[in-house]
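What follows is the content of model24.txt (compact mmCIF, C-alpha atoms).
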```txt
# COMPACT_ATOMS: atom_id res chain seq x y z
CA MET A 1 122.36 83.20 129.79
CA LYS A 2 125.09 85.42 131.15
CA SER A 3 124.61 89.14 130.98
CA GLY A 4 125.76 90.58 127.68
CA THR A 5 125.02 87.48 125.60
CA PHE A 6 122.09 86.96 123.29
CA PHE A 7 120.53 84.30 121.12
CA VAL A 8 118.96 85.00 117.75
CA LEU A 9 116.82 82.50 115.88
CA PHE A 10 116.50 83.38 112.20
CA PHE A 11 114.63 81.50 109.51
CA MET A 12 112.21 82.04 106.64
CA LEU A 13 108.73 80.67 106.17
CA PRO A 14 107.98 80.77 102.44
CA VAL A 15 104.36 79.72 102.95
CA ALA A 16 101.59 82.26 102.31
CA THR A 17 98.57 82.03 104.59
CA GLU A 18 95.30 83.93 104.92
CA ALA A 19 96.80 85.84 107.85
CA GLY A 20 99.59 87.12 105.62
CA PHE A 21 103.12 86.20 104.68
CA TRP A 22 105.06 85.96 107.96
CA ASP A 23 108.60 86.11 106.76
CA PHE A 24 111.04 86.58 109.63
CA PHE A 25 111.13 85.63 113.31
CA TYR A 26 113.69 86.41 115.95
CA LYS A 27 113.58 84.68 119.30
CA ASP A 28 113.08 87.72 121.49
CA ASP A 29 110.70 89.08 124.08
CA ASP A 30 109.39 91.44 121.40
CA LEU A 31 108.61 89.03 118.55
CA LEU A 32 109.62 90.21 115.11
CA CYS A 33 107.32 88.97 112.39
CA PHE A 34 107.01 90.73 109.06
CA ASN A 35 103.44 90.72 107.74
CA SER A 36 103.48 91.90 104.12
CA SER A 37 99.71 91.45 103.76
CA GLY A 38 99.17 93.56 106.88
CA LEU A 39 101.50 96.25 105.55
CA GLU A 40 99.63 96.36 102.25
CA LYS A 41 96.25 96.53 104.02
CA ASP A 42 97.30 99.28 106.43
CA LEU A 43 98.74 101.38 103.62
CA ARG A 44 95.55 100.90 101.63
CA ASP A 45 93.04 101.46 104.44
CA SER A 46 94.60 104.08 106.72
CA LEU A 47 96.84 106.17 104.46
CA PHE A 48 94.92 108.70 102.40
CA GLY A 49 96.00 110.25 99.13
CA GLN A 50 99.53 108.84 99.03
CA HIS A 51 99.55 106.30 96.19
CA ILE A 52 103.24 106.90 95.45
CA VAL A 53 104.17 106.27 99.07
CA SER A 54 102.07 103.11 99.28
CA ASP A 55 103.68 101.70 96.13
CA VAL A 56 107.30 102.52 97.02
CA VAL A 57 107.10 101.59 100.71
CA LEU A 58 105.35 98.27 100.14
CA LYS A 59 107.85 97.19 97.47
CA ALA A 60 110.95 98.48 99.28
CA VAL A 61 110.10 97.08 102.72
CA THR A 62 108.85 93.73 101.40
CA SER A 63 111.93 93.26 99.22
CA PHE A 64 114.26 94.10 102.10
CA MET A 65 112.49 91.98 104.69
CA THR A 66 112.35 88.92 102.44
CA ASP A 67 116.01 89.18 101.45
CA SER A 68 117.94 86.71 103.60
CA ASN A 69 121.23 88.43 102.80
CA PRO A 70 120.82 92.18 102.10
CA ASN A 71 123.98 94.04 101.09
CA LYS A 72 123.09 97.21 103.01
CA PRO A 73 120.58 98.54 105.54
CA LEU A 74 117.26 99.79 104.22
CA VAL A 75 117.35 103.60 104.17
CA LEU A 76 114.15 105.50 103.37
CA SER A 77 113.84 109.28 103.32
CA PHE A 78 110.28 110.66 103.55
CA HIS A 79 109.67 114.16 102.21
CA GLY A 80 106.63 116.40 102.28
CA THR A 81 104.92 119.29 103.99
CA ALA A 82 103.31 119.01 107.43
CA GLY A 83 100.39 116.67 108.03
CA VAL A 84 100.74 114.50 104.92
CA GLY A 85 101.45 111.21 106.74
CA LYS A 86 105.22 110.80 107.16
CA ASN A 87 105.07 109.81 110.84
CA HIS A 88 101.97 107.73 110.20
CA VAL A 89 103.72 105.61 107.56
CA ALA A 90 106.75 105.07 109.80
CA LYS A 91 104.37 103.74 112.46
CA ILE A 92 102.64 101.48 109.90
CA ILE A 93 106.00 99.97 108.93
CA ALA A 94 106.93 99.34 112.57
CA LYS A 95 103.50 97.86 113.28
CA ASN A 96 103.98 95.21 110.59
CA ILE A 97 107.52 94.28 111.59
CA TYR A 98 107.41 94.20 115.39
CA GLU A 99 104.75 92.71 117.63
CA ASN A 100 104.70 95.90 119.72
CA GLY A 101 104.91 98.18 116.71
CA ILE A 102 106.25 101.67 117.30
CA GLU A 103 106.38 100.90 121.04
CA SER A 104 108.88 98.09 120.47
CA HIS A 105 112.16 98.59 122.30
CA HIS A 106 113.83 97.77 118.98
CA VAL A 107 112.36 100.91 117.41
CA HIS A 108 114.34 104.02 118.26
CA MET A 109 112.91 107.44 117.44
CA TYR A 110 114.88 110.67 117.53
CA ILE A 111 113.37 114.13 117.11
CA SER A 112 116.05 116.59 116.11
CA GLU A 113 115.04 119.66 118.10
CA TYR A 114 114.07 117.57 121.14
CA HIS A 115 116.94 115.09 121.39
CA PHE A 116 119.70 117.31 119.94
CA PRO A 117 118.68 120.90 120.77
CA HIS A 118 122.05 122.51 121.58
CA LYS A 119 124.78 122.92 118.95
CA VAL A 120 127.42 123.41 121.65
CA MET A 121 126.73 119.86 122.83
CA SER A 122 127.16 118.29 119.40
CA ASP A 123 130.24 116.27 120.44
CA LEU A 124 128.29 114.69 123.32
CA TYR A 125 125.30 114.00 121.06
CA LYS A 126 127.59 112.39 118.47
CA ALA A 127 129.14 110.03 121.01
CA GLN A 128 125.76 109.11 122.51
CA LEU A 129 124.07 108.54 119.15
CA LYS A 130 126.91 106.40 117.80
CA ALA A 131 126.93 104.30 120.97
CA GLU A 132 123.15 103.84 120.99
CA ILE A 133 122.97 102.72 117.35
CA TYR A 134 125.91 100.35 117.78
CA LYS A 135 124.52 98.84 121.00
CA SER A 136 121.03 98.39 119.56
CA VAL A 137 122.15 96.59 116.41
CA SER A 138 124.71 94.53 118.33
CA SER A 139 121.94 93.07 120.46
CA PHE A 140 119.24 92.96 117.77
CA PRO A 141 120.30 93.15 114.09
CA ARG A 142 116.81 94.07 112.80
CA SER A 143 116.64 97.30 114.79
CA MET A 144 114.80 100.32 113.38
CA PHE A 145 115.85 103.95 113.70
CA ILE A 146 113.49 106.81 112.89
CA PHE A 147 114.85 110.36 112.68
CA ASP A 148 112.22 113.10 112.64
CA GLU A 149 113.00 116.67 111.52
CA MET A 150 116.03 115.33 109.66
CA ASP A 151 116.36 118.61 107.76
CA LYS A 152 116.95 120.41 111.09
CA MET A 153 119.57 117.97 112.30
CA GLN A 154 123.16 119.12 112.74
CA PRO A 155 125.38 117.95 109.84
CA GLN A 156 127.90 116.44 112.27
CA LEU A 157 125.18 114.18 113.68
CA ILE A 158 124.02 113.14 110.23
CA ASP A 159 127.57 112.12 109.40
CA VAL A 160 127.70 110.00 112.58
CA ILE A 161 124.89 107.89 111.10
CA LYS A 162 126.59 107.55 107.70
CA PRO A 163 129.01 104.65 108.44
CA PHE A 164 126.05 102.49 109.51
CA LEU A 165 124.28 102.97 106.16
CA ASP A 166 126.93 101.90 103.71
CA TYR A 167 127.11 98.78 101.56
CA GLU A 168 128.36 95.78 103.52
CA ALA A 169 128.33 98.07 106.55
CA ASN A 170 130.43 96.51 109.30
CA VAL A 171 131.45 98.65 112.26
CA ASP A 172 133.80 97.17 114.84
CA GLY A 173 132.78 93.65 113.91
CA VAL A 174 129.02 94.30 113.87
CA SER A 175 127.04 94.07 110.63
CA PHE A 176 124.33 96.68 110.03
CA ARG A 177 122.93 95.16 106.84
CA ASN A 178 119.67 94.09 108.50
CA ALA A 179 118.89 97.42 110.17
CA ILE A 180 116.29 99.92 108.98
CA PHE A 181 116.71 103.70 108.93
CA ILE A 182 113.83 106.06 108.19
CA PHE A 183 114.33 109.80 107.82
CA LEU A 184 111.38 112.20 108.06
CA SER A 185 111.79 115.68 106.66
CA ASN A 186 109.91 118.74 105.42
CA ALA A 187 112.79 119.33 103.02
CA GLY A 188 111.60 119.12 99.45
CA GLY A 189 108.00 119.62 100.54
CA ASN A 190 107.63 122.88 98.63
CA VAL A 191 109.06 121.30 95.48
CA ILE A 192 106.60 118.41 95.75
CA ALA A 193 103.73 120.86 96.24
CA GLU A 194 104.84 122.87 93.19
CA VAL A 195 104.95 119.74 91.02
CA ALA A 196 101.46 118.75 92.20
CA LEU A 197 100.10 122.24 91.58
CA ASP A 198 101.72 122.53 88.15
CA SER A 199 100.26 119.16 87.20
CA TRP A 200 96.79 120.26 88.32
CA ARG A 201 97.08 123.41 86.20
CA GLU A 202 98.07 121.25 83.23
CA GLY A 203 94.99 119.10 83.74
CA ILE A 204 96.96 116.10 84.97
CA CYS A 205 95.12 114.05 87.58
CA ARG A 206 96.96 113.91 90.90
CA GLU A 207 96.70 110.11 90.90
CA GLU A 208 98.66 110.04 87.63
CA LEU A 209 101.78 111.39 89.34
CA TRP A 210 104.48 108.80 90.09
CA MET A 211 108.12 108.77 91.19
CA ASN A 212 109.35 109.46 87.63
CA SER A 213 106.70 112.12 86.89
CA LYS A 214 108.32 115.47 86.08
CA GLU A 215 111.59 114.13 87.56
CA LEU A 216 110.00 114.27 91.01
CA GLU A 217 112.63 112.24 92.88
CA THR A 218 115.46 114.11 91.15
CA LYS A 219 113.93 117.46 92.10
CA ILE A 220 113.67 116.40 95.74
CA PHE A 221 117.31 115.30 95.67
CA ARG A 222 118.47 118.59 94.16
CA ASN A 223 116.36 120.64 96.55
CA ILE A 224 117.61 119.09 99.78
CA PHE A 225 121.17 119.06 98.44
CA SER A 226 121.11 122.80 97.72
CA ASP A 227 119.08 124.06 100.69
CA GLU A 228 121.46 126.15 102.78
CA ASN A 229 119.21 125.78 105.83
CA SER A 230 119.24 121.99 105.73
CA GLY A 231 121.64 119.76 107.61
CA PHE A 232 121.66 117.53 104.53
CA LEU A 233 123.61 120.17 102.58
CA HIS A 234 126.73 119.92 104.72
CA SER A 235 126.54 116.16 105.19
CA SER A 236 128.27 113.65 102.92
CA MET A 237 125.36 111.20 103.23
CA ILE A 238 123.58 112.55 100.16
CA ASP A 239 126.47 112.74 97.71
CA GLU A 240 127.59 109.22 98.64
CA HIS A 241 124.13 107.92 97.63
CA LEU A 242 123.40 106.00 100.82
CA ILE A 243 119.65 106.74 100.77
CA ASP A 244 117.77 104.03 98.88
CA HIS A 245 114.54 105.92 98.21
CA TYR A 246 113.48 109.55 98.43
CA VAL A 247 109.76 109.10 98.99
CA PRO A 248 107.52 112.08 98.07
CA PHE A 249 104.34 112.72 100.07
CA LEU A 250 101.95 114.72 97.90
CA PRO A 251 99.88 117.58 99.35
CA LEU A 252 96.36 116.44 100.24
CA MET A 253 93.12 117.53 98.57
CA LEU A 254 89.74 118.14 100.18
CA LYS A 255 88.60 114.53 99.66
CA HIS A 256 91.66 113.23 101.50
CA VAL A 257 91.20 115.59 104.45
CA ARG A 258 87.58 114.47 104.60
CA GLN A 259 88.80 110.87 104.86
CA CYS A 260 91.07 111.91 107.72
CA VAL A 261 88.10 113.43 109.56
CA MET A 262 86.06 110.25 109.09
CA ALA A 263 88.98 108.22 110.47
CA GLU A 264 89.18 110.50 113.51
CA MET A 265 85.45 110.01 114.08
CA ARG A 266 86.00 106.27 114.28
CA HIS A 267 88.97 106.77 116.60
CA LEU A 268 86.97 109.02 118.92
CA ASN A 269 83.89 106.75 118.77
CA ILE A 270 81.86 109.48 117.10
CA LYS A 271 79.04 108.29 114.86
CA PRO A 272 80.19 108.64 111.23
CA ASN A 273 78.74 111.78 109.69
CA TYR A 274 79.79 112.65 106.13
CA ASP A 275 78.28 116.14 106.22
CA LEU A 276 80.14 116.94 109.44
CA ALA A 277 83.37 115.53 108.01
CA ASP A 278 82.94 117.70 104.93
CA LYS A 279 82.30 120.79 107.04
CA VAL A 280 85.39 120.20 109.19
CA ALA A 281 87.55 119.50 106.13
CA ARG A 282 86.41 122.65 104.34
CA ASP A 283 87.29 124.70 107.42
CA MET A 284 90.96 123.76 107.04
CA PRO A 285 93.30 126.18 105.20
CA PHE A 286 93.93 125.40 101.52
CA PHE A 287 96.19 126.77 98.80
CA PRO A 288 96.33 128.54 96.40
CA GLU A 289 94.11 130.95 98.27
CA LYS A 290 91.68 131.45 95.39
CA GLU A 291 91.40 127.91 94.01
CA ARG A 292 91.80 126.10 97.37
CA ILE A 293 93.18 122.88 95.82
CA PHE A 294 95.58 121.49 98.42
CA SER A 295 95.45 121.46 102.21
CA ALA A 296 98.09 123.75 103.71
CA LYS A 297 98.29 121.62 106.87
CA GLY A 298 97.45 118.23 105.44
CA CYS A 299 95.51 116.38 108.12
CA LYS A 300 97.37 118.06 110.97
CA SER A 301 95.00 119.36 113.69
CA VAL A 302 91.99 117.60 112.14
CA ARG A 303 91.14 116.06 115.50
CA GLN A 304 91.28 119.45 117.21
CA LYS A 305 88.95 120.90 114.57
CA LEU A 306 86.56 117.99 114.85
CA VAL A 307 85.97 118.30 118.59
CA LEU A 308 84.88 121.92 118.09
CA TYR A 309 82.05 120.76 115.83
CA ASP A 310 80.96 117.64 117.71
CA ASN A 311 78.12 118.32 120.18
```

Would you write out, as structure tokens, the structure that this file holds?
Amino acid sequence: MKSGTFFVLFFMLPVATEAGFWDFFYKDDDLLCFNSSGLEKDLRDSLFGQHIVSDVVLKAVTSFMTDSNPNKPLVLSFHGTAGVGKNHVAKIIAKNIYENGIESHHVHMYISEYHFPHKVMSDLYKAQLKAEIYKSVSSFPRSMFIFDEMDKMQPQLIDVIKPFLDYEANVDGVSFRNAIFIFLSNAGGNVIAEVALDSWREGICREELWMNSKELETKIFRNIFSDENSGFLHSSMIDEHLIDHYVPFLPLMLKHVRQCVMAEMRHLNIKPNYDLADKVARDMPFFPEKERIFSAKGCKSVRQKLVLYDN
């Protein structure tokens, strides 16, 4: 074909197999094939302590990917403190949509303080970001965009993304209804931690918390909308309700950190050792200081802790 042209083959296979339900294929050098069974398995087996996330992500992504005519792009906003699995879940989603997973050239990741560090260059960043999103979706409608540190992003850049997220989004003749946008943010993390801690003090099991528990999603929304230090506050994206799901990542408990250590052992080809995993997990900082209920760092730096103990 001539340069600048492309061919897309799109069809559905409504047949379930033991390998999973392979819903969509595009003719492309990076095959796109949604595996709902694989997504469910990965969320179950490699994501620890995030039952709300597993439930919302599986339902939202499956519904979107099996909809032959969505009316808007899928927009997910992940919220929680450090080390609770936000990046990990984004990678799981990409893994079960693209053959090359997060390494696919159809997956575009932006880290706010790395890609857009200078406020004085915001006009240049805006032009570049708009052009990159438009070009990517023009050539491959099922493109994915992941924005890390969304709460630190300049409001002007957030508003550049907004036109691509709307219902029946069509920019200069290109439809964005099949694209996926995932925002990762620490915004709302303290609110989520407070809800989890209050529930523990009330004797409510952590696993009994859901999206509608104690108005969790509403509290996240209010928190990020009122945080003066967040780029969300000065952006019109929030008040125009373009985000489909605010997904809360709960703070992790000792048992979940222990699971993370065991997973790192497998990754590093270290013989599984429960006692060692427990020792490493207990050496992580927890809060409140006296009760030590939730991990202050989630599973962040677990691997670095583990190598200090492994002889």

All file atoms of stretch 252-256 of chain A boxed axis-aligned, 8 Å per side, centre plus edges, as AutoDock Vina command-line options:
```
--center_x 92.5 --center_y 115.7 --center_z 100.0 --size_x 23.8 --size_y 20.9 --size_z 18.9
```

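One distance worth recording is that between atom CA of A:Val75 and atom CA of A:Ser213, which is 22.0 Å.
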
Would you be able to write out as a ChimeraX atom specification which residues have an atom within 6 Å of (119.1, 95.8, 111.7) in the file's coordinates, counting all atoms listed in the file?
/A:137,141-143,176,178-180

Given the choices A:Ile111, A:Leu129, A:Ile52, A:Leu39, which gets closest to A:Phe249 if the distance is worked out from only C-alpha atoms?
A:Ile52

In terms of the shortest atom-to-atom distance over all atoms listed in the file, which of A:Lys279, A:Ser77, A:Asn96, A:Asn69 is closest to A:Ser36?
A:Asn96

What would stretch 38-63 of chain A look like with N, CA, C and O atoms restored, written as a compact mmCIF listing (two decimals), in the frame of the given file?
```txt
# COMPACT_ATOMS: atom_id res chain seq x y z
N GLY A 38 99.60 92.53 105.93
CA GLY A 38 99.17 93.56 106.88
C GLY A 38 99.69 94.93 106.48
O GLY A 38 98.96 95.93 106.60
N LEU A 39 100.92 94.98 106.01
CA LEU A 39 101.50 96.25 105.55
C LEU A 39 100.70 96.80 104.38
O LEU A 39 100.34 97.98 104.35
N GLU A 40 100.41 95.94 103.42
CA GLU A 40 99.63 96.36 102.25
C GLU A 40 98.25 96.86 102.65
O GLU A 40 97.76 97.88 102.16
N LYS A 41 97.59 96.14 103.57
CA LYS A 41 96.25 96.53 104.02
C LYS A 41 96.27 97.86 104.76
O LYS A 41 95.41 98.72 104.53
N ASP A 42 97.23 98.03 105.66
CA ASP A 42 97.30 99.28 106.43
C ASP A 42 97.58 100.47 105.53
O ASP A 42 97.01 101.55 105.72
N LEU A 43 98.45 100.29 104.55
CA LEU A 43 98.74 101.38 103.62
C LEU A 43 97.51 101.72 102.78
O LEU A 43 97.24 102.88 102.47
N ARG A 44 96.76 100.70 102.44
CA ARG A 44 95.55 100.90 101.63
C ARG A 44 94.42 101.53 102.43
O ARG A 44 93.72 102.43 101.95
N ASP A 45 94.23 101.07 103.68
CA ASP A 45 93.04 101.46 104.44
C ASP A 45 93.22 102.69 105.33
O ASP A 45 92.23 103.35 105.65
N SER A 46 94.45 102.98 105.75
CA SER A 46 94.60 104.08 106.72
C SER A 46 95.54 105.18 106.26
O SER A 46 95.83 106.10 107.03
N LEU A 47 96.02 105.10 105.02
CA LEU A 47 96.84 106.17 104.46
C LEU A 47 96.07 106.77 103.30
O LEU A 47 95.74 106.08 102.34
N PHE A 48 95.80 108.06 103.38
CA PHE A 48 94.92 108.70 102.40
C PHE A 48 95.70 109.59 101.43
O PHE A 48 96.51 110.42 101.84
N GLY A 49 95.45 109.37 100.15
CA GLY A 49 96.00 110.25 99.13
C GLY A 49 97.48 110.12 98.85
O GLY A 49 98.08 111.02 98.28
N GLN A 50 98.08 108.99 99.22
CA GLN A 50 99.53 108.84 99.03
C GLN A 50 99.82 107.55 98.26
O GLN A 50 100.47 106.64 98.74
N HIS A 51 99.36 107.51 97.01
CA HIS A 51 99.55 106.30 96.19
C HIS A 51 101.02 106.03 95.87
O HIS A 51 101.45 104.87 95.79
N ILE A 52 101.81 107.09 95.72
CA ILE A 52 103.24 106.90 95.45
C ILE A 52 103.90 106.25 96.66
O ILE A 52 104.67 105.30 96.54
N VAL A 53 103.59 106.79 97.82
CA VAL A 53 104.17 106.27 99.07
C VAL A 53 103.80 104.81 99.26
O VAL A 53 104.66 103.97 99.58
N SER A 54 102.53 104.49 99.09
CA SER A 54 102.07 103.11 99.28
C SER A 54 102.83 102.15 98.37
O SER A 54 103.26 101.07 98.78
N ASP A 55 103.00 102.55 97.12
CA ASP A 55 103.68 101.70 96.13
C ASP A 55 105.15 101.50 96.49
O ASP A 55 105.64 100.36 96.55
N VAL A 56 105.86 102.60 96.76
CA VAL A 56 107.30 102.52 97.02
C VAL A 56 107.58 101.81 98.35
O VAL A 56 108.44 100.92 98.42
N VAL A 57 106.85 102.17 99.39
CA VAL A 57 107.10 101.59 100.71
C VAL A 57 106.80 100.09 100.72
O VAL A 57 107.60 99.30 101.26
N LEU A 58 105.69 99.69 100.15
CA LEU A 58 105.35 98.27 100.14
C LEU A 58 106.43 97.46 99.41
O LEU A 58 106.89 96.42 99.92
N LYS A 59 106.84 97.93 98.24
CA LYS A 59 107.85 97.19 97.47
C LYS A 59 109.21 97.20 98.16
O LYS A 59 109.88 96.17 98.25
N ALA A 60 109.62 98.37 98.67
CA ALA A 60 110.95 98.48 99.28
C ALA A 60 111.05 97.68 100.57
O ALA A 60 112.03 96.94 100.78
N VAL A 61 110.05 97.79 101.43
CA VAL A 61 110.10 97.08 102.72
C VAL A 61 109.96 95.58 102.52
O VAL A 61 110.68 94.79 103.13
N THR A 62 109.05 95.16 101.65
CA THR A 62 108.85 93.73 101.40
C THR A 62 110.11 93.10 100.81
O THR A 62 110.54 92.02 101.23
N SER A 63 110.71 93.78 99.83
CA SER A 63 111.93 93.26 99.22
C SER A 63 113.04 93.12 100.24
O SER A 63 113.74 92.10 100.29
```
